[in-house]
Amino acid sequence: MKAAEGWAIMLSRRVAFVGVAAMLVIAILTVVDILLRWLFNASVPGFNEVLETGIAVAVASTFPAGAANRVNLTIDLLAPRFGERTSAWLKAVGALALLFFYIFLAWQVGKDAVGLAERGAVTVFLEMPLAPFIWAISGLMAASGLVQFLVYFDIVGDAVAGNYQEDKPGHAPATDADQAAPMPSQPTGDTQQGRILLAGIGMLIAGILVILAVERGIAGFSEIAQTIPGAIALIMFALMWILALTLIPLGATMGLLGILGAALLAGQEPALAVLGSAAVEFLTNRQLAVLPLFLIMGSFAAAAGLSTDIYDLAQTALGHRRGGLALATIGGCAGFGALTGSSLATAATIGNVALPEMRKRGYSPGLATGCVAAGGTLGQLVPPSMVIVLYAILTEESIGQLFIAAIIPAAIAVLFYMITISIYVRFSPNAAPPPEARKSMREMLTMAARSWGVLFLFALVIGGIYGGVFTATEAAAVGAGAAFLFALFRGRLTGGALWRVIGETTATTAMIYILIFGAVTFSFFMGITGLPEVMTGFIRGLDMSPIAVIGVLLVIYLFLGAIMDPFPIMVITVPIIAPVIMDLGYDLLWWGIIMVVVVETGLITPPFGINVFILKGISGGDVPTATVFKGVMPFVGADLVKLALLVIFPPLVTWLPSTMMGGG
C-alpha cells in the first residue's frame, strides 16, 4: 500500500504540473487577448469559452495531488484534548468521509456529463462539445477518490501501528536499528498488515452500511422533517460543528451533511444533483478563476524574490527612524500580503526574515514578535486577497469592487500600526535600538529601482481593476503571467523552485475548491430550510438597533477569528449572516471588508490568536507566549480603533468602489 501511495503521489504531481502549466498558458493567452483589444479593437475568437472549459479541467487536475498530499482544511482546536491515539483514529474517519465525498462528486459530475452528451450540448461560439470536458473533470475526481482510498488505508495503518508517536514534540528520531527492530508490544510483519487491512476494510464497510441506513431512514423520516425544517437546520448546523471539531475535513463535513439535510427536505435526487451541478458551475465560473490565477501570481512572485525586495525597500526608507526595522516589517507585510493574500503565510515568511534581524539589533522580544504578528493580518486585507474572493463568491458581490473597497481600510491599518510602533518606542525607549543613519537619496533610489517589480505588479493588477482596463479575472491572469516572467528572467525557477511553486498552487487550489463544493451544498440545504429568513425575522423582532446587532456580531466574529482560520469562518457563517446584514439595511460590500478586518483582528487576540502561536514557534523557546501577547496587545487596540472607524464611517469602505470605471 505504501508503494502504491508513492506511485499515486508521483503521478498526481505530474498531472498537477500539466494543470498548473495549462493555467499559466491560459493566463498568457488572456494577456494576448487584452493586448489585441487595446491595440486592434479585436480579441481571440471564442476565448471566453476556452478560458471557462480550460480552467475547469486545469483546476480539477490539482485534486488528485491535493488528496495525495492530504491537503484538507480541518479545525484542530480540540486535537490536544483527544490525545494522539484518538486523534489518529479520528483522522482515519475524516479520510473515509473525504473518500465518500470524492465518490459522490465523481458520480454526480459524471451524470452531468451524460446529460450534456445526450443533449449534444456545445459552446455558443466555437461549438465545442461540452461533455468531454465534464467527463475529464469527473475522471479527475474519480482519480482523486482512488488516491484518497490509498491515503485512507495509510492513515488507518498509522493509527493501527501507532506511528503518530513519532510526531510527538521532543521525540528522538528513530535510527535504522530502531526501525529494523519493532517494539515488542506491536504486532509485526504479516500480522500487523492483516490488522491494518481488517481495520481499513471494516471501517469502509461500516461507512457503506451507515450510508445505506441513512438512505433508508430518509424515506421514513422525510415527511416528519418537512414539517420542522428549522429544527432540522439547527440540528445539522450543530452536527456540522461537532464533526468539524473532531478533525473531519470541513469540505467533506459540509458537503455530506448538506446532501443529507437536502435529501430529508427535498428528496435524494435533487440533493445529490446539486452537488454535481454546483461543482461544474463553480469550476467553469470565470469569476472563480481568479483564485488559482492569483495563487500562481503569489507563488511565482515569492519565488522571484519580490517579497524580499519590498521588505528591503521599506527598511531603506524607514530605518532612520526609531523602531525603523519594526516600521519596515509592517511595510514588508503589506507588500507581501499583496502578493500572497494569506495572513498566516505573511506572518511566517516575514517573521523568518525580520525576527532574527530585530533580535540581533536589540529590539525587545515583545515588540519584535508583536509587530510581525500584527503585520501578518495585512495578508488578507491588502488586495488581492483569497478570503475576499471567497466572500465575493458566497455573496455574489463584485470581486473587483471588494478589492478596491479594501484599499483604504488596508492603508488605515498600515498607518495605525506604524503610529502604534512610534508610540510604543516613545514610552518604552529600551524596546528598540537607536535609529540608524539616514540612507542617502542615491541609496534609496537604488533600492526603489531594485524593487520596481513588486510596485509595478501591484499597480498593474489593482490599477487595472480600478481603471476598468480589465476585469478581476483578467487582472489575475495578467498578474500570474507577469510574476512568472519575473521569476523566469531572474533565474529563480531552477532546481526544485518550479516544483515548489506548483506544489503551493496545487495544495491551496485543491483545498479551496473542495471547501467551496461543500459550502455550496450546505448553503443549498440551509436555503431550503428557511433558516436565514427565520434568523432575520428573529433579529427584526428584537428591541435592538441595527448598530447594536452589528456590535454583537463583531464580538462573535472576534472570538471566532481567535480560534479559527478565516476560510472556515466565511464558508460556515456567510450564507446565514448575509441575509441578516441586508435586512438591517447595510451594504454587503461594506460588510465583507468589516468581516475580514474583525476576523483578522481575532488572529492576534488573546487567549488564542493563531498568528501569535506561529510567531511563538518562529521566535524560539526563549520567548514566552505571554511576552508575545503583551507585545501584540497595542496592535489589537489599534485594530479595534480602526474597526470602530470603519463601522461608524462606512464611506471609508464604500466610497472608492463608487468611483471605479466599468463597475469592477
# chains A, B, ... in the order shown; residues from 1 in each chain; ligands from 1
>>> residues_around(residues="A:Pro384", least_positions_apart="4", cutoff="10 Å", atoms="only C-alpha atoms", output="list in words")
Val290, Leu291, Phe294, Leu295, Gly298, Gly337, Ala338, Leu339, Thr340, Gly341, Ser342, Gly379, Gln380, Ile388, Val389, Ile399, Gly400, Leu402, Phe403, Ile404, Ala406, Ile407, Phe458, Val461, Ile462, Ala472, Ala475 and Ala476 of chain A
>>> write_last_selection(atoms="C-alpha atoms", output="PDB file, in the first residue's frame")
ATOM      1  CA  VAL A 290      -9.179  34.412 -10.069  1.00  0.00           C
ATOM      2  CA  LEU A 291      -8.398  32.026  -7.195  1.00  0.00           C
ATOM      3  CA  PHE A 294      -3.817  34.819  -8.035  1.00  0.00           C
ATOM      4  CA  LEU A 295      -2.315  31.840  -6.221  1.00  0.00           C
ATOM      5  CA  GLY A 298       1.737  34.887  -5.400  1.00  0.00           C
ATOM      6  CA  GLY A 337       0.264  40.330   1.590  1.00  0.00           C
ATOM      7  CA  ALA A 338      -0.410  41.988  -1.763  1.00  0.00           C
ATOM      8  CA  LEU A 339       1.492  39.148  -3.409  1.00  0.00           C
ATOM      9  CA  THR A 340       0.168  36.135  -1.498  1.00  0.00           C
ATOM     10  CA  GLY A 341      -3.211  37.076   0.002  1.00  0.00           C
ATOM     11  CA  SER A 342      -2.513  34.932   3.072  1.00  0.00           C
ATOM     12  CA  GLY A 379      -2.114  39.467   4.264  1.00  0.00           C
ATOM     13  CA  GLN A 380      -5.872  39.013   3.888  1.00  0.00           C
ATOM     14  CA  ILE A 388     -12.194  38.484  -0.110  1.00  0.00           C
ATOM     15  CA  VAL A 389     -12.555  36.371  -3.262  1.00  0.00           C
ATOM     16  CA  ILE A 399     -14.577  40.765  -6.681  1.00  0.00           C
ATOM     17  CA  GLY A 400     -13.093  43.887  -8.271  1.00  0.00           C
ATOM     18  CA  LEU A 402     -14.295  44.356  -2.981  1.00  0.00           C
ATOM     19  CA  PHE A 403     -10.591  44.602  -3.830  1.00  0.00           C
ATOM     20  CA  ILE A 404     -10.884  48.356  -4.318  1.00  0.00           C
ATOM     21  CA  ALA A 406     -10.190  47.101   0.851  1.00  0.00           C
ATOM     22  CA  ILE A 407      -7.580  49.683  -0.190  1.00  0.00           C
ATOM     23  CA  PHE A 458       0.585  45.765  -7.588  1.00  0.00           C
ATOM     24  CA  VAL A 461      -3.306  44.428 -11.056  1.00  0.00           C
ATOM     25  CA  ILE A 462      -5.147  46.840  -8.763  1.00  0.00           C
ATOM     26  CA  ALA A 472     -10.709  40.835 -11.856  1.00  0.00           C
ATOM     27  CA  ALA A 475      -6.177  41.088 -13.690  1.00  0.00           C
ATOM     28  CA  ALA A 476      -5.373  37.750 -12.063  1.00  0.00           C
TER      29      ALA A 476
END
>>> residues_around(residues="A:Pro64", least_positions_apart="5", cutoff="8 Å", atoms="only C-alpha atoms", output="short mmCIF file (atom, residue, chain, number, x, y, z; two decimals) with C-alpha atoms, in the first residue's frame")
data_model
loop_
_atom_site.label_atom_id
_atom_site.label_comp_id
_atom_site.auth_asym_id
_atom_site.auth_seq_id
_atom_site.Cartn_x
_atom_site.Cartn_y
_atom_site.Cartn_z
CA SER A 12 -0.70 13.09 -9.27
CA ALA A 16 -0.98 18.76 -11.38
CA LEU A 140 -10.04 13.50 -12.33
CA MET A 141 -12.39 13.44 -9.35
CA ALA A 143 -8.77 9.59 -9.67
CA SER A 144 -8.82 11.76 -6.55
CA GLY A 145 -11.11 9.19 -4.94
CA VAL A 147 -5.76 8.37 -4.37
CA GLN A 148 -7.83 9.14 -1.28
#
>>> residues_around(residues="A:Thr509", least_positions_apart="5", cutoff="10 Å", atoms="only C-alpha atoms", output="MDAnalysis selection string")
chainID A and resid 59:60 62:63 66 71 291:293 295:296 503:504 514:515
>>> residues_around(residues="A:Leu498", least_positions_apart="2", cutoff="10 Å", atoms="only C-alpha atoms", output="short mmCIF file (atom, residue, chain, number, x, y, z; two decimals) with N, CA and C atoms, in the first residue's frame")
data_model
loop_
_atom_site.label_atom_id
_atom_site.label_comp_id
_atom_site.auth_asym_id
_atom_site.auth_seq_id
_atom_site.Cartn_x
_atom_site.Cartn_y
_atom_site.Cartn_z
N PHE A 17 1.15 19.23 -12.46
CA PHE A 17 2.09 20.06 -13.22
C PHE A 17 1.47 20.48 -14.54
N SER A 299 2.76 32.72 -5.77
CA SER A 299 3.85 31.74 -5.67
C SER A 299 5.04 32.14 -6.54
N PHE A 300 4.78 32.58 -7.77
CA PHE A 300 5.87 32.99 -8.65
C PHE A 300 6.52 34.28 -8.16
N ALA A 303 8.77 33.33 -5.39
CA ALA A 303 9.95 32.65 -5.94
C ALA A 303 10.90 33.64 -6.60
N ALA A 487 10.02 35.75 -12.33
CA ALA A 487 10.76 34.61 -11.79
C ALA A 487 11.66 33.98 -12.85
N LEU A 488 11.17 33.92 -14.08
CA LEU A 488 11.93 33.31 -15.17
C LEU A 488 13.17 34.12 -15.50
N ARG A 492 15.09 32.32 -11.16
CA ARG A 492 14.68 31.75 -9.88
C ARG A 492 13.86 30.46 -10.01
N LEU A 493 13.74 29.91 -11.21
CA LEU A 493 12.94 28.70 -11.40
C LEU A 493 13.81 27.48 -11.66
N THR A 494 15.06 27.56 -11.24
CA THR A 494 15.97 26.42 -11.41
C THR A 494 15.83 25.45 -10.24
N GLY A 495 16.36 24.27 -10.42
CA GLY A 495 16.33 23.27 -9.36
C GLY A 495 14.90 22.88 -9.02
N GLY A 496 14.59 22.87 -7.74
CA GLY A 496 13.25 22.46 -7.31
C GLY A 496 12.30 23.62 -7.13
N ARG A 500 8.24 23.62 -6.31
CA ARG A 500 7.68 24.23 -5.09
C ARG A 500 6.52 25.15 -5.42
N VAL A 501 6.68 25.95 -6.47
CA VAL A 501 5.61 26.85 -6.89
C VAL A 501 4.37 26.06 -7.26
N ILE A 502 4.55 25.02 -8.05
CA ILE A 502 3.42 24.19 -8.47
C ILE A 502 2.79 23.50 -7.27
N GLY A 503 3.63 23.03 -6.34
CA GLY A 503 3.10 22.38 -5.14
C GLY A 503 2.25 23.32 -4.30
#
>>> closest_residue(among="A:Val32, A:Thr395, A:Ser658, A:Ile235", to="A:Thr573", atoms="only C-alpha atoms")
A:Thr395
>>> atom_distance(atom1="atom CA of A:Pro433", atom2="atom CA of A:Trp452")
29.6 Å
>>> residues_around(residues="A:Glu533", least_positions_apart="6", cutoff="10 Å", atoms="only C-alpha atoms", output="list in words")
Gly527, Ile539, Ile576, Pro579, Val580 and Asp583 of chain A
>>> closest_residue(among="A:Leu288, A:Val632, A:Leu603, A:Ile577", to="A:Thr536", atoms="only C-alpha atoms")
A:Ile577
>>> residues_around(residues="A:Thr369", least_positions_apart="3", cutoff="9 Å", atoms="only C-alpha atoms", output="NGL selection string")
:A and (351 or 355 or 364-366 or 372-374 or 612 or 615-616 or 619 or 627-629 or 631-632)
>>> select_by_dssp(residues="stretch 16-167 of chain A", states="alpha helix (DSSP H)", output="ChimeraX atom specification")
/A:16-40,47-60,63-68,79-82,84-119,131-161
>>> residues_around(residues="stretch 25-28 of chain A", least_positions_apart="5", cutoff="9 Å", atoms="only C-alpha atoms", output="ChimeraX atom specification")
/A:20,33,50-51,54-55,293,474,476-482
>>> write_last_selection(atoms="C-alpha atoms", output="PDB file, in the first residue's frame")
ATOM      1  CA  VAL A  20      -0.825  24.455 -13.488  1.00  0.00           C
ATOM      2  CA  ASP A  33      -6.423  38.859 -25.755  1.00  0.00           C
ATOM      3  CA  VAL A  50     -11.581  28.336 -23.890  1.00  0.00           C
ATOM      4  CA  LEU A  51     -10.972  30.078 -20.571  1.00  0.00           C
ATOM      5  CA  GLY A  54      -9.697  25.036 -19.862  1.00  0.00           C
ATOM      6  CA  ILE A  55      -9.547  26.445 -16.339  1.00  0.00           C
ATOM      7  CA  LEU A 293      -4.513  32.574 -11.029  1.00  0.00           C
ATOM      8  CA  GLU A 474      -8.127  39.279 -16.416  1.00  0.00           C
ATOM      9  CA  ALA A 476      -5.373  37.750 -12.063  1.00  0.00           C
ATOM     10  CA  ALA A 477      -4.212  36.366 -15.413  1.00  0.00           C
ATOM     11  CA  VAL A 478      -2.041  39.431 -16.062  1.00  0.00           C
ATOM     12  CA  GLY A 479      -0.561  39.187 -12.564  1.00  0.00           C
ATOM     13  CA  ALA A 480       0.159  35.468 -12.925  1.00  0.00           C
ATOM     14  CA  GLY A 481       1.842  35.961 -16.300  1.00  0.00           C
ATOM     15  CA  ALA A 482       3.902  38.926 -15.107  1.00  0.00           C
TER      16      ALA A 482
END
>>> atom_distance(atom1="atom CA of A:Gly251", atom2="atom CA of A:Gly518")
4.6 Å
>>> atom_distance(atom1="atom CA of A:Leu275", atom2="atom CA of A:Ile528")
14.8 Å
